[in-house]
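Structure data (PDB, C-alpha atoms and all ligand atoms) from coords-v3.pdb:
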ATOM      1  CA  MET A1205     -20.030  16.629   0.251
ATOM      2  CA  MET A1206     -22.613  14.010   1.133
ATOM      3  CA  ALA A1207     -25.396  16.646   1.374
ATOM      4  CA  LYS A1208     -24.429  17.860  -2.088
ATOM      5  CA  ASN A1209     -24.692  14.297  -3.379
ATOM      6  CA  LEU A1210     -28.149  13.938  -1.890
ATOM      7  CA  ILE A1211     -29.315  17.199  -3.456
ATOM      8  CA  GLN A1212     -27.931  16.109  -6.818
ATOM      9  CA  SER A1213     -29.756  12.805  -6.427
ATOM     10  CA  PHE A1214     -33.059  14.543  -5.741
ATOM     11  CA  GLU A1215     -32.520  16.715  -8.776
ATOM     12  CA  SER A1216     -31.830  13.720 -10.987
ATOM     13  CA  GLY A1217     -34.867  11.900  -9.601
ATOM     14  CA  CYS A1218     -32.842   9.015  -8.092
ATOM     15  CA  VAL A1219     -34.204   6.757  -5.365
ATOM     16  CA  LEU A1220     -32.426   7.595  -2.124
ATOM     17  CA  ASN A1221     -33.498   4.819   0.211
ATOM     18  CA  LYS A1222     -30.375   2.802  -0.609
ATOM     19  CA  GLN A1223     -27.545   2.413   1.831
ATOM     20  CA  GLN A1224     -24.534   4.577   1.160
ATOM     21  CA  LYS A1225     -21.510   2.469   0.171
ATOM     22  CA  ASN A1226     -17.832   3.019  -0.527
ATOM     23  CA  VAL A1227     -16.668   2.444  -4.075
ATOM     24  CA  LEU A1228     -13.086   2.272  -5.293
ATOM     25  CA  ILE A1229     -12.428   2.586  -9.023
ATOM     26  CA  VAL A1230      -8.993   1.423 -10.113
ATOM     27  CA  TYR A1231      -8.511   3.098 -13.475
ATOM     28  CA  ALA A1232      -5.817   2.240 -16.005
ATOM     29  CA  HIS A1233      -5.851   4.449 -19.114
ATOM     30  CA  GLN A1234      -3.308   7.070 -20.060
ATOM     31  CA  GLU A1235      -5.742   9.364 -21.956
ATOM     32  CA  PRO A1236      -8.589  11.172 -20.154
ATOM     33  CA  LYS A1237     -10.398  11.802 -23.488
ATOM     34  CA  SER A1238     -10.561   8.046 -24.193
ATOM     35  CA  PHE A1239     -13.766   6.047 -23.928
ATOM     36  CA  ASN A1240     -12.352   4.497 -20.752
ATOM     37  CA  GLY A1241     -12.010   8.043 -19.417
ATOM     38  CA  ALA A1242     -15.668   8.693 -20.281
ATOM     39  CA  LEU A1243     -16.721   5.446 -18.536
ATOM     40  CA  LEU A1244     -14.743   6.456 -15.440
ATOM     41  CA  ARG A1245     -16.328   9.924 -15.287
ATOM     42  CA  LYS A1246     -19.811   8.455 -15.806
ATOM     43  CA  ALA A1247     -19.257   6.022 -12.936
ATOM     44  CA  VAL A1248     -17.943   8.718 -10.567
ATOM     45  CA  GLU A1249     -20.860  11.031 -11.436
ATOM     46  CA  THR A1250     -23.543   8.330 -11.202
ATOM     47  CA  LEU A1251     -22.382   6.623  -8.013
ATOM     48  CA  GLY A1252     -21.715  10.003  -6.361
ATOM     49  CA  ALA A1253     -25.178  11.256  -7.299
ATOM     50  CA  ASP A1254     -26.643   8.094  -5.752
ATOM     51  CA  GLY A1255     -25.033   9.067  -2.445
ATOM     52  CA  HIS A1256     -22.111   6.652  -2.538
ATOM     53  CA  SER A1257     -18.593   7.673  -1.629
ATOM     54  CA  VAL A1258     -16.252   7.166  -4.598
ATOM     55  CA  GLU A1259     -12.454   6.994  -4.585
ATOM     56  CA  VAL A1260     -10.383   6.676  -7.768
ATOM     57  CA  SER A1261      -6.907   5.252  -8.166
ATOM     58  CA  ASP A1262      -5.872   6.758 -11.508
ATOM     59  CA  LEU A1263      -2.804   4.586 -11.995
ATOM     60  CA  TYR A1264      -1.116   6.427 -14.894
ATOM     61  CA  SER A1265      -1.645   9.864 -13.290
ATOM     62  CA  MET A1266      -0.260   8.474 -10.035
ATOM     63  CA  HIS A1267       2.765   7.048 -11.912
ATOM     64  CA  PHE A1268       1.950   3.856 -10.037
ATOM     65  CA  GLU A1269       4.990   1.587  -9.739
ATOM     66  CA  PRO A1270       3.993  -1.822 -11.165
ATOM     67  CA  ARG A1271       7.139  -3.787 -10.263
ATOM     68  CA  CYS A1272       7.453  -6.019  -7.194
ATOM     69  CA  GLN A1273      10.799  -4.968  -5.725
ATOM     70  CA  ARG A1274      12.961  -4.980  -2.595
ATOM     71  CA  THR A1275      11.967  -1.313  -2.053
ATOM     72  CA  ASP A1276       8.378  -2.459  -1.325
ATOM     73  CA  VAL A1277       9.685  -3.192   2.178
ATOM     74  CA  VAL A1278      10.989  -0.209   4.139
ATOM     75  CA  GLY A1279      14.042  -0.940   6.281
ATOM     76  CA  SER A1280      15.438  -4.382   6.959
ATOM     77  CA  VAL A1281      14.029  -7.659   5.636
ATOM     78  CA  GLN A1282      14.023 -11.142   7.168
ATOM     79  CA  ASN A1283      16.625 -12.541   4.787
ATOM     80  CA  GLU A1284      18.937  -9.981   3.176
ATOM     81  CA  GLY A1285      20.744 -12.806   1.327
ATOM     82  CA  PHE A1286      17.711 -14.137  -0.618
ATOM     83  CA  PHE A1287      14.766 -11.817  -1.166
ATOM     84  CA  LYS A1288      11.496 -13.787  -1.291
ATOM     85  CA  TYR A1289       8.813 -11.262  -2.241
ATOM     86  CA  GLN A1290       5.705 -12.964  -0.846
ATOM     87  CA  MET A1291       7.192 -13.793   2.532
ATOM     88  CA  GLU A1292       8.981 -10.466   2.983
ATOM     89  CA  THR A1293       5.942  -8.356   2.048
ATOM     90  CA  LYS A1294       3.727 -10.524   4.281
ATOM     91  CA  SER A1295       5.912  -9.771   7.270
ATOM     92  CA  ALA A1296       6.161  -6.097   6.205
ATOM     93  CA  TRP A1297       2.337  -5.969   6.152
ATOM     94  CA  GLU A1298       2.265  -7.425   9.678
ATOM     95  CA  ASN A1299       4.978  -5.033  10.899
ATOM     96  CA  GLY A1300       3.681  -1.912   9.140
ATOM     97  CA  THR A1301       6.811  -1.615   7.006
ATOM     98  CA  LEU A1302       5.321  -1.872   3.524
ATOM     99  CA  SER A1303       6.168   1.054   1.239
ATOM    100  CA  GLU A1304       3.825   4.015   1.563
ATOM    101  CA  ASP A1305       2.243   3.713  -1.910
ATOM    102  CA  ILE A1306       1.126   0.132  -1.182
ATOM    103  CA  LYS A1307      -0.219   1.103   2.252
ATOM    104  CA  VAL A1308      -2.339   3.888   0.700
ATOM    105  CA  GLU A1309      -3.915   1.481  -1.813
ATOM    106  CA  ILE A1310      -4.501  -1.134   0.901
ATOM    107  CA  GLU A1311      -6.400   1.443   2.982
ATOM    108  CA  LYS A1312      -8.584   2.306  -0.036
ATOM    109  CA  LEU A1313      -9.260  -1.387  -0.609
ATOM    110  CA  LYS A1314     -10.139  -1.931   3.063
ATOM    111  CA  ARG A1315     -12.721   0.871   2.903
ATOM    112  CA  ALA A1316     -14.326  -0.320  -0.342
ATOM    113  CA  ASP A1317     -17.614  -2.244  -0.542
ATOM    114  CA  LEU A1318     -17.279  -2.381  -4.325
ATOM    115  CA  VAL A1319     -14.153  -2.218  -6.480
ATOM    116  CA  ILE A1320     -14.482  -1.491 -10.207
ATOM    117  CA  PHE A1321     -11.448  -2.123 -12.402
ATOM    118  CA  GLN A1322     -11.719   0.128 -15.482
ATOM    119  CA  PHE A1323      -9.262  -0.597 -18.314
ATOM    120  CA  PRO A1324      -8.718  -1.319 -22.014
ATOM    121  CA  LEU A1325      -8.031  -4.983 -22.748
ATOM    122  CA  TYR A1326      -4.286  -5.452 -23.429
ATOM    123  CA  TRP A1327      -3.149  -8.819 -24.785
ATOM    124  CA  PHE A1328      -6.274 -10.590 -23.515
ATOM    125  CA  SER A1329      -5.586  -9.224 -20.045
ATOM    126  CA  VAL A1330      -5.139  -6.041 -18.008
ATOM    127  CA  PRO A1331      -2.563  -3.330 -18.849
ATOM    128  CA  ALA A1332       0.803  -3.878 -17.106
ATOM    129  CA  ILE A1333       0.230  -0.992 -14.713
ATOM    130  CA  LEU A1334      -2.963  -2.632 -13.421
ATOM    131  CA  LYS A1335      -1.312  -6.046 -13.280
ATOM    132  CA  GLY A1336       1.327  -4.378 -11.115
ATOM    133  CA  TRP A1337      -1.383  -2.975  -8.847
ATOM    134  CA  PHE A1338      -2.661  -6.529  -8.261
ATOM    135  CA  ASP A1339       0.892  -7.846  -7.812
ATOM    136  CA  ARG A1340       1.806  -5.276  -5.168
ATOM    137  CA  VAL A1341      -1.431  -4.298  -3.396
ATOM    138  CA  TYR A1342      -2.777  -7.828  -2.966
ATOM    139  CA  THR A1343      -0.173  -8.465  -0.256
ATOM    140  CA  MET A1344      -0.045 -11.942   1.240
ATOM    141  CA  GLY A1345      -1.550 -11.750   4.714
ATOM    142  CA  PHE A1346      -3.710  -8.757   3.783
ATOM    143  CA  ALA A1347      -5.566 -10.079   0.719
ATOM    144  CA  TYR A1348      -5.030 -13.835   0.945
ATOM    145  CA  GLY A1349      -3.017 -16.484   2.741
ATOM    146  CA  MET A1350      -3.000 -20.148   3.660
ATOM    147  CA  GLY A1351      -6.629 -21.010   4.370
ATOM    148  CA  ASN A1352      -7.740 -17.627   3.039
ATOM    149  CA  MET A1353      -8.394 -18.193  -0.625
ATOM    150  CA  TYR A1354     -11.496 -18.068  -2.835
ATOM    151  CA  SER A1355     -14.609 -18.303  -0.584
ATOM    152  CA  THR A1356     -12.455 -17.512   2.443
ATOM    153  CA  GLY A1357     -10.239 -14.922   0.726
ATOM    154  CA  LEU A1358      -9.750 -11.791   2.783
ATOM    155  CA  MET A1359     -11.727  -9.554   0.353
ATOM    156  CA  LYS A1360     -14.813 -11.592   1.268
ATOM    157  CA  ASP A1361     -18.068  -9.579   1.338
ATOM    158  CA  LYS A1362     -16.696  -6.982  -1.072
ATOM    159  CA  ARG A1363     -17.985  -6.805  -4.625
ATOM    160  CA  GLY A1364     -15.524  -6.701  -7.502
ATOM    161  CA  MET A1365     -16.065  -6.189 -11.198
ATOM    162  CA  LEU A1366     -14.143  -5.746 -14.426
ATOM    163  CA  SER A1367     -15.240  -2.925 -16.720
ATOM    164  CA  PHE A1368     -13.233  -2.929 -19.915
ATOM    165  CA  THR A1369     -13.117  -2.058 -23.576
ATOM    166  CA  THR A1370     -11.681  -4.031 -26.483
ATOM    167  CA  GLY A1371     -10.241  -3.376 -29.905
ATOM    168  CA  GLY A1372     -11.876  -6.470 -31.383
ATOM    169  CA  PRO A1373     -15.641  -6.595 -32.039
ATOM    170  CA  GLY A1374     -17.992  -8.737 -29.948
ATOM    171  CA  ALA A1375     -18.228 -11.373 -32.708
ATOM    172  CA  ALA A1376     -14.485 -12.026 -32.375
ATOM    173  CA  TYR A1377     -15.057 -13.092 -28.761
ATOM    174  CA  ASN A1378     -17.863 -15.583 -29.444
ATOM    175  CA  PRO A1379     -17.168 -19.327 -29.080
ATOM    176  CA  ASP A1380     -16.661 -19.472 -32.891
ATOM    177  CA  GLY A1381     -14.874 -16.100 -33.090
ATOM    178  CA  LEU A1382     -11.330 -15.265 -34.175
ATOM    179  CA  ASN A1383     -10.182 -14.459 -30.629
ATOM    180  CA  GLY A1384     -12.156 -17.265 -28.987
ATOM    181  CA  ASP A1385     -14.775 -17.396 -26.268
ATOM    182  CA  MET A1386     -14.775 -14.442 -23.853
ATOM    183  CA  ASN A1387     -15.719 -16.918 -21.101
ATOM    184  CA  VAL A1388     -12.315 -18.575 -21.434
ATOM    185  CA  LEU A1389     -10.469 -15.273 -21.500
ATOM    186  CA  LEU A1390     -12.220 -14.092 -18.332
ATOM    187  CA  TRP A1391     -11.531 -17.176 -16.220
ATOM    188  CA  PRO A1392      -7.958 -16.198 -15.184
ATOM    189  CA  LEU A1393      -8.975 -12.630 -14.303
ATOM    190  CA  GLN A1394     -12.330 -13.246 -12.664
ATOM    191  CA  ASN A1395     -11.395 -16.474 -10.926
ATOM    192  CA  GLY A1396      -7.627 -16.183 -10.493
ATOM    193  CA  VAL A1397      -7.494 -12.477  -9.594
ATOM    194  CA  LEU A1398     -10.905 -11.447  -8.194
ATOM    195  CA  LYS A1399     -12.415 -14.630  -6.744
ATOM    196  CA  PHE A1400      -9.050 -15.882  -5.473
ATOM    197  CA  VAL A1401      -8.929 -13.104  -2.869
ATOM    198  CA  GLY A1402     -12.597 -13.586  -1.998
ATOM    199  CA  PHE A1403     -14.456 -10.942  -3.997
ATOM    200  CA  ASP A1404     -18.092 -11.534  -4.865
ATOM    201  CA  VAL A1405     -17.616 -11.129  -8.607
ATOM    202  CA  LEU A1406     -20.146  -9.167 -10.623
ATOM    203  CA  ALA A1407     -20.781  -9.758 -14.320
ATOM    204  CA  PRO A1408     -18.205  -7.848 -16.370
ATOM    205  CA  GLN A1409     -19.121  -4.628 -18.165
ATOM    206  CA  ILE A1410     -17.674  -5.046 -21.647
ATOM    207  CA  HIS A1411     -17.733  -2.409 -24.375
ATOM    208  CA  TYR A1412     -16.545  -4.029 -27.557
ATOM    209  CA  SER A1413     -14.576  -1.927 -29.997
ATOM    210  CA  PRO A1414     -15.710   1.577 -28.973
ATOM    211  CA  ALA A1415     -13.481   3.125 -31.652
ATOM    212  CA  HIS A1416     -15.543   1.454 -34.389
ATOM    213  CA  VAL A1417     -19.107   2.315 -33.435
ATOM    214  CA  SER A1418     -21.034   5.561 -33.924
ATOM    215  CA  ASP A1419     -20.927   8.434 -31.474
ATOM    216  CA  ASP A1420     -24.643   7.842 -30.789
ATOM    217  CA  ASP A1421     -23.903   4.210 -29.861
ATOM    218  CA  ARG A1422     -21.156   5.269 -27.464
ATOM    219  CA  LYS A1423     -23.453   7.844 -25.846
ATOM    220  CA  GLN A1424     -26.114   5.144 -25.437
ATOM    221  CA  TRP A1425     -23.495   2.833 -23.851
ATOM    222  CA  LEU A1426     -22.660   5.530 -21.307
ATOM    223  CA  THR A1427     -26.351   5.930 -20.474
ATOM    224  CA  ASP A1428     -26.727   2.139 -20.097
ATOM    225  CA  TRP A1429     -23.610   1.992 -17.876
ATOM    226  CA  ALA A1430     -25.157   4.602 -15.566
ATOM    227  CA  LYS A1431     -28.417   2.603 -15.458
ATOM    228  CA  ARG A1432     -26.540  -0.506 -14.411
ATOM    229  CA  LEU A1433     -24.608   1.361 -11.738
ATOM    230  CA  HIS A1434     -27.808   2.621 -10.089
ATOM    231  CA  ASN A1435     -28.547  -0.983  -9.035
ATOM    232  CA  ILE A1436     -25.044  -2.374  -8.761
ATOM    233  CA  PHE A1437     -25.381  -3.319  -5.076
ATOM    234  CA  GLU A1438     -28.555  -5.323  -5.725
ATOM    235  CA  GLU A1439     -27.179  -7.348  -8.650
ATOM    236  CA  PRO A1440     -26.729 -11.107  -8.250
ATOM    237  CA  VAL A1441     -23.093 -12.228  -8.425
ATOM    238  CA  LEU A1442     -21.394 -14.800 -10.668
ATOM    239  CA  ASN A1443     -21.358 -18.440  -9.628
ATOM    240  CA  PHE A1444     -18.172 -20.130  -8.462
ATOM    241  CA  VAL A1445     -17.750 -23.436  -6.648
ATOM    242  CA  ASP A1446     -17.608 -22.819  -2.906
ATOM    243  CA  SER A1447     -14.217 -23.706  -1.397
ATOM    244  CA  SER A1448     -15.893 -26.089   1.062
ATOM    245  CA  ASN A1449     -16.418 -28.472  -1.876
ATOM    246  CA  PHE A1450     -12.671 -29.088  -2.243
ATOM    247  CA  SER A1451     -10.493 -31.426  -0.252
ATOM    248  CA  ASN A1452      -6.720 -31.594  -0.824
ATOM    249  CA  PHE A1453      -7.181 -29.063  -3.651
ATOM    250  CA  LYS A1454      -9.672 -31.307  -5.502
ATOM    251  CA  LEU A1455     -13.458 -31.428  -5.758
ATOM    252  CA  THR A1456     -14.841 -33.929  -3.262
ATOM    253  CA  GLU A1457     -16.401 -37.221  -4.341
ATOM    254  CA  GLU A1458     -19.735 -36.047  -2.883
ATOM    255  CA  TYR A1459     -19.678 -32.874  -4.951
ATOM    256  CA  LEU A1460     -18.740 -34.734  -8.139
ATOM    257  CA  GLU A1461     -21.537 -37.221  -7.494
ATOM    258  CA  GLY A1462     -24.032 -34.357  -7.330
ATOM    259  CA  GLU A1463     -22.732 -32.982 -10.650
ATOM    260  CA  SER A1464     -22.699 -36.309 -12.499
ATOM    261  CA  SER A1465     -26.111 -36.012 -14.162
ATOM    262  CA  LYS A1466     -25.730 -32.347 -15.119
ATOM    263  CA  GLN A1467     -25.216 -31.269 -18.712
ATOM    264  CA  PHE A1468     -22.579 -28.606 -17.992
ATOM    265  CA  GLY A1469     -19.452 -28.562 -15.871
ATOM    266  CA  PRO A1470     -19.659 -26.351 -12.755
ATOM    267  CA  THR A1471     -17.385 -23.588 -14.088
ATOM    268  CA  VAL A1472     -15.121 -22.803 -17.035
ATOM    269  CA  GLY A1473     -12.124 -23.933 -14.971
ATOM    270  CA  GLN A1474     -13.668 -26.793 -13.009
ATOM    271  CA  ASN A1475     -15.373 -28.186 -16.099
ATOM    272  CA  ILE A1476     -14.822 -31.836 -15.055
ATOM    273  CA  GLY A1477     -14.491 -32.751 -18.727
ATOM    274  CA  LYS A1478     -17.942 -31.461 -19.716
ATOM    275  CA  PRO A1479     -18.946 -28.462 -21.820
ATOM    276  CA  TYR A1480     -19.126 -25.354 -19.653
ATOM    277  CA  SER A1481     -22.084 -23.019 -19.709
ATOM    278  CA  SER A1482     -21.530 -20.365 -22.379
ATOM    279  CA  THR A1483     -22.628 -17.625 -19.980
ATOM    280  CA  GLY A1484     -20.672 -18.731 -16.889
ATOM    281  CA  MET A1485     -18.201 -15.840 -16.747
ATOM    282  CA  LEU A1486     -20.591 -13.318 -18.298
ATOM    283  CA  LYS A1487     -23.874 -13.690 -16.421
ATOM    284  CA  PRO A1488     -24.911 -14.958 -12.963
TER     285      PRO A1488
HETATM  286  C1  LIG B1501      -0.777  -2.881 -25.849
HETATM  287  C2  LIG B1501      -2.146  -3.106 -26.392
HETATM  288  C3  LIG B1501      -2.693  -4.376 -26.367
HETATM  289  C4  LIG B1501      -3.990  -4.597 -26.829
HETATM  290  N1  LIG B1501      -4.519  -5.871 -26.763
HETATM  291  C5  LIG B1501      -5.791  -6.086 -27.167
HETATM  292  C6  LIG B1501      -6.371  -7.381 -27.062
HETATM  293  O1  LIG B1501      -5.765  -8.345 -26.590
HETATM  294  N2  LIG B1501      -7.649  -7.551 -27.500
HETATM  295  C7  LIG B1501      -8.373  -6.518 -28.034
HETATM  296  O2  LIG B1501      -9.530  -6.727 -28.397
HETATM  297  N3  LIG B1501      -7.848  -5.273 -28.113
HETATM  298  C8  LIG B1501      -6.588  -5.030 -27.703
HETATM  299  N4  LIG B1501      -6.070  -3.759 -27.759
HETATM  300  C9  LIG B1501      -6.946  -2.655 -28.187
HETATM  301  C10 LIG B1501      -7.532  -1.904 -26.980
HETATM  302  O3  LIG B1501      -8.179  -2.788 -26.101
HETATM  303  C11 LIG B1501      -8.544  -0.838 -27.463
HETATM  304  O4  LIG B1501      -7.848   0.075 -28.260
HETATM  305  C12 LIG B1501      -9.196  -0.105 -26.316
HETATM  306  O5  LIG B1501      -9.912  -1.018 -25.505
HETATM  307  C13 LIG B1501     -10.183   0.935 -26.803
HETATM  308  O6  LIG B1501     -10.660   1.702 -25.697
HETATM  309  P1  LIG B1501     -10.220   3.239 -25.512
HETATM  310  O7  LIG B1501     -10.865   3.810 -24.309
HETATM  311  O8  LIG B1501      -8.740   3.354 -25.607
HETATM  312  O9  LIG B1501     -10.907   3.817 -26.817
HETATM  313  P2  LIG B1501     -10.675   5.231 -27.544
HETATM  314  O10 LIG B1501     -10.086   4.953 -28.887
HETATM  315  O11 LIG B1501     -10.004   6.198 -26.660
HETATM  316  O12 LIG B1501     -12.171   5.722 -27.677
HETATM  317  C14 LIG B1501     -13.029   5.286 -28.695
HETATM  318  C15 LIG B1501     -13.836   6.469 -29.151
HETATM  319  O13 LIG B1501     -14.682   6.935 -28.077
HETATM  320  C16 LIG B1501     -14.739   8.342 -28.132
HETATM  321  N5  LIG B1501     -15.233   8.919 -26.888
HETATM  322  C17 LIG B1501     -14.528   9.325 -25.806
HETATM  323  N6  LIG B1501     -15.344   9.865 -24.904
HETATM  324  C18 LIG B1501     -16.595   9.791 -25.406
HETATM  325  C19 LIG B1501     -17.867  10.193 -24.938
HETATM  326  N7  LIG B1501     -18.024  10.787 -23.754
HETATM  327  N8  LIG B1501     -18.950   9.962 -25.721
HETATM  328  C20 LIG B1501     -18.817   9.347 -26.912
HETATM  329  N9  LIG B1501     -17.641   8.975 -27.417
HETATM  330  C21 LIG B1501     -16.531   9.175 -26.669
HETATM  331  C22 LIG B1501     -13.314   8.706 -28.482
HETATM  332  O14 LIG B1501     -13.219  10.032 -28.981
HETATM  333  C23 LIG B1501     -12.961   7.684 -29.549
HETATM  334  O15 LIG B1501     -13.373   8.121 -30.815
HETATM  335  C24 LIG B1501      -4.766  -3.520 -27.338
HETATM  336  C25 LIG B1501      -4.200  -2.235 -27.365
HETATM  337  C26 LIG B1501      -2.926  -2.036 -26.904
HETATM  338  C27 LIG B1501      -2.345  -0.635 -26.932
END
Render the structure in this file as structure tokens.
Ligand SMILES: Cc1cc2nc3c(=O)[nH]c(=O)nc-3n(C[C@H](O)[C@H](O)[C@H](O)COP(=O)(O)OP(=O)(O)OC[C@H]3O[C@@H](n4cnc5c(N)ncnc54)[C@H](O)[C@@H]3O)c2cc1C
Amino acid sequence: MMAKNLIQSFESGCVLNKQQKNVLIVYAHQEPKSFNGALLRKAVETLGADGHSVEVSDLYSMHFEPRCQRTDVVGSVQNEGFFKYQMETKSAWENGTLSEDIKVEIEKLKRADLVIFQFPLYWFSVPAILKGWFDRVYTMGFAYGMGNMYSTGLMKDKRGMLSFTTGGPGAAYNPDGLNGDMNVLLWPLQNGVLKFVGFDVLAPQIHYSPAHVSDDDRKQWLTDWAKRLHNIFEEPVLNFVDSSNFSNFKLTEEYLEGESSKQFGPTVGQNIGKPYSSTGMLKP
């Protein structure tokens, strides 16, 4: 398999002196002929040809269960009288009694150096099936815990990125656009879902309104996506405030002092009452 990848890479003229990495693509679209389907196939083909090992979790094909339920723990639970999901799944993770479908996804996540989430934007967020993947696979104790959040989250040293499409055009997501600034929309996902568990977050790959551009434009987008993927492990990551700058859940006086003369707030979320940089969630 690997030899075949190397041969394909030689044939496509790719540079092969890069280290082979493991990539997981978590894919949430119900239609393989969609543009999301095309983006997925392009990523699998490109990363594979570059010698990387690629796994795909195709959530709709897998009929992935998105609901957090009692059945996520096999056998008995700590408190049969009052089911507390976080605590029960944490102890199930420690005891090896999580349901099999969660365990399989956890193993994929453990192997991955890079995780790409490929999806169409639904209600300014991820489709429910992908939300359910985060809800269930990010088990407390495995992905995060007390003292293991953000910079010390347990996905530390892995790269994570959102790759998504929209219905609305790019102009609608500008600071003066109908849907509002994409920076604001991305804060909950990139900070609250990716950074929270420790991922080094890459700039998002956004394809605005693929249904309303020409076929030539879409083909060019696929070519550009492949170009980006060739260097995805060398890309700088987005800036977040390191967790060491917080005390009792708040930015320290020392940190705030250092920020006092700056024009922009540190991040979209920790804006300390200042304008935030208009590229904060979009570019490093
Ligand atoms: C429940 C729901 C909520 C939504 N919420 C939002 C929202 O909050 N904000 C928002 O902006 N949008 C929203 N949308 C719209 C949604 O985000 C878009 O419809 C979606 O992102 C478009 O991507 P797609 O892959 O489905 O496109 P498709 O319509 O499948 O594809 C676009 C075009 O690409 C073509 N194509 C496929 N493969 C190739 C290829 N290899 N080369 C060239 N062309 C190709 C297809 O034939 C098609 O013509 C929502 C939609 C739903 C259903």
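Here atom O1 of ligand LIG 1501 (chain B) and CA of Pro1324 (chain A) stand 8.9 Å from one another.
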**Report entry** Selection result of the PyMOL selection byres (((not hetatm)) within 9 of (chain B and resi 1501)) on this file, as a ChimeraX atom specification
**Finding:** /A:1233-1243,1245-1246,1323-1332,1368-1374,1376-1377,1383,1411-1426
Requested in this report: Work out how far apart CA of Lys1431 (chain A) and CA of Leu1366 (chain A) are and give it in Å to one decimal.
Outcome: 16.6 Å
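Using all atoms listed in the file, the nearest neighbour of Val1401 (chain A) within the list A:Asn1352, A:Asn1387, A:Ser1303, A:Ser1280 is A:Asn1352.
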Ref. answer, residues at most 12 Å from (-19.3, 7.5, -6.4) with only C-alpha atoms, as a compact mmCIF listing (two decimals) with C-alpha atoms, in the frame of the given file:
# COMPACT_ATOMS: atom_id res chain seq x y z
CA MET A 1205 -20.03 16.63 0.25
CA MET A 1206 -22.61 14.01 1.13
CA ASN A 1209 -24.69 14.30 -3.38
CA LEU A 1210 -28.15 13.94 -1.89
CA SER A 1213 -29.76 12.80 -6.43
CA GLN A 1224 -24.53 4.58 1.16
CA LYS A 1225 -21.51 2.47 0.17
CA ASN A 1226 -17.83 3.02 -0.53
CA VAL A 1227 -16.67 2.44 -4.08
CA LEU A 1228 -13.09 2.27 -5.29
CA ILE A 1229 -12.43 2.59 -9.02
CA LEU A 1244 -14.74 6.46 -15.44
CA ARG A 1245 -16.33 9.92 -15.29
CA LYS A 1246 -19.81 8.46 -15.81
CA ALA A 1247 -19.26 6.02 -12.94
CA VAL A 1248 -17.94 8.72 -10.57
CA GLU A 1249 -20.86 11.03 -11.44
CA THR A 1250 -23.54 8.33 -11.20
CA LEU A 1251 -22.38 6.62 -8.01
CA GLY A 1252 -21.72 10.00 -6.36
CA ALA A 1253 -25.18 11.26 -7.30
CA ASP A 1254 -26.64 8.09 -5.75
CA GLY A 1255 -25.03 9.07 -2.44
CA HIS A 1256 -22.11 6.65 -2.54
CA SER A 1257 -18.59 7.67 -1.63
CA VAL A 1258 -16.25 7.17 -4.60
CA GLU A 1259 -12.45 6.99 -4.58
CA VAL A 1260 -10.38 6.68 -7.77
CA ALA A 1316 -14.33 -0.32 -0.34
CA ASP A 1317 -17.61 -2.24 -0.54
CA LEU A 1318 -17.28 -2.38 -4.32
CA VAL A 1319 -14.15 -2.22 -6.48
CA ILE A 1320 -14.48 -1.49 -10.21
CA ALA A 1430 -25.16 4.60 -15.57
CA LEU A 1433 -24.61 1.36 -11.74
CA HIS A 1434 -27.81 2.62 -10.09
CA ILE A 1436 -25.04 -2.37 -8.76
Please tabulate, as CSV, the residues of region 1337-1438 of chain A that come within 12 Å of region 1463-1487 of chain A, each with its closest pair of atoms and the distance in Å to one decimal, counting all atoms listed in the file and ordering rows by chain, then residue number upward.
residue,atom,partner,partner_atom,distance
A:Met1365,CA,A:Leu1486,CA,11.0
A:Leu1366,CA,A:Leu1486,CA,10.7
A:Ser1367,CA,A:Leu1486,CA,11.8
A:Tyr1377,CA,A:Ser1482,CA,11.6
A:Asn1378,CA,A:Ser1482,CA,9.3
A:Pro1379,CA,A:Ser1482,CA,8.1
A:Asp1380,CA,A:Ser1482,CA,11.6
A:Gly1384,CA,A:Ser1482,CA,11.9
A:Asp1385,CA,A:Ser1482,CA,8.3
A:Met1386,CA,A:Met1485,CA,8.0
A:Asn1387,CA,A:Met1485,CA,5.1
A:Val1388,CA,A:Val1472,CA,6.7
A:Leu1389,CA,A:Met1485,CA,9.1
A:Leu1390,CA,A:Met1485,CA,6.4
A:Trp1391,CA,A:Val1472,CA,6.7
A:Pro1392,CA,A:Gly1473,CA,8.8
A:Leu1393,CA,A:Met1485,CA,10.1
A:Gln1394,CA,A:Met1485,CA,7.6
A:Asn1395,CA,A:Gly1473,CA,8.5
A:Gly1396,CA,A:Gly1473,CA,10.0
A:Lys1399,CA,A:Met1485,CA,11.6
A:Val1405,CA,A:Met1485,CA,9.4
A:Leu1406,CA,A:Lys1487,CA,8.2
A:Ala1407,CA,A:Leu1486,CA,5.3
A:Pro1408,CA,A:Leu1486,CA,6.3
A:Gln1409,CA,A:Leu1486,CA,8.8
A:Ile1410,CA,A:Leu1486,CA,9.4
Query - Matched chain/residue IDs from the PyMOL selection byres (((chain A and resi 1448) around 12) and not hetatm), as a PyMOL selection string - result: chain A and resi 1351-1356+1444-1447+1449-1456+1458-1459
Query raised in the report: If you measure from CA of Glu1304 (chain A) to CA of Gln1273 (chain A), what distance in Å do you get, rounded to one decimal?
Result: 13.5 Å
Report task. Can you pull out every residue within 10 Å of Glu1298 (chain A), counting all atoms listed in the file, but drop anything in the same chain fewer than 3 positions away, and send it as JSON, numbers by chain? Result -> {"A": [1292, 1293, 1294, 1295, 1301, 1302, 1344, 1345, 1346]}
Take the residues from that selection and put them in a file with C-alpha atoms, as a tab-separated table (two decimals), in the coordinates of the input.
chain	number	residue	atom	x	y	z
A	1292	GLU	CA	8.98	-10.47	2.98
A	1293	THR	CA	5.94	-8.36	2.05
A	1294	LYS	CA	3.73	-10.52	4.28
A	1295	SER	CA	5.91	-9.77	7.27
A	1301	THR	CA	6.81	-1.62	7.01
A	1302	LEU	CA	5.32	-1.87	3.52
A	1344	MET	CA	-0.04	-11.94	1.24
A	1345	GLY	CA	-1.55	-11.75	4.71
A	1346	PHE	CA	-3.71	-8.76	3.78
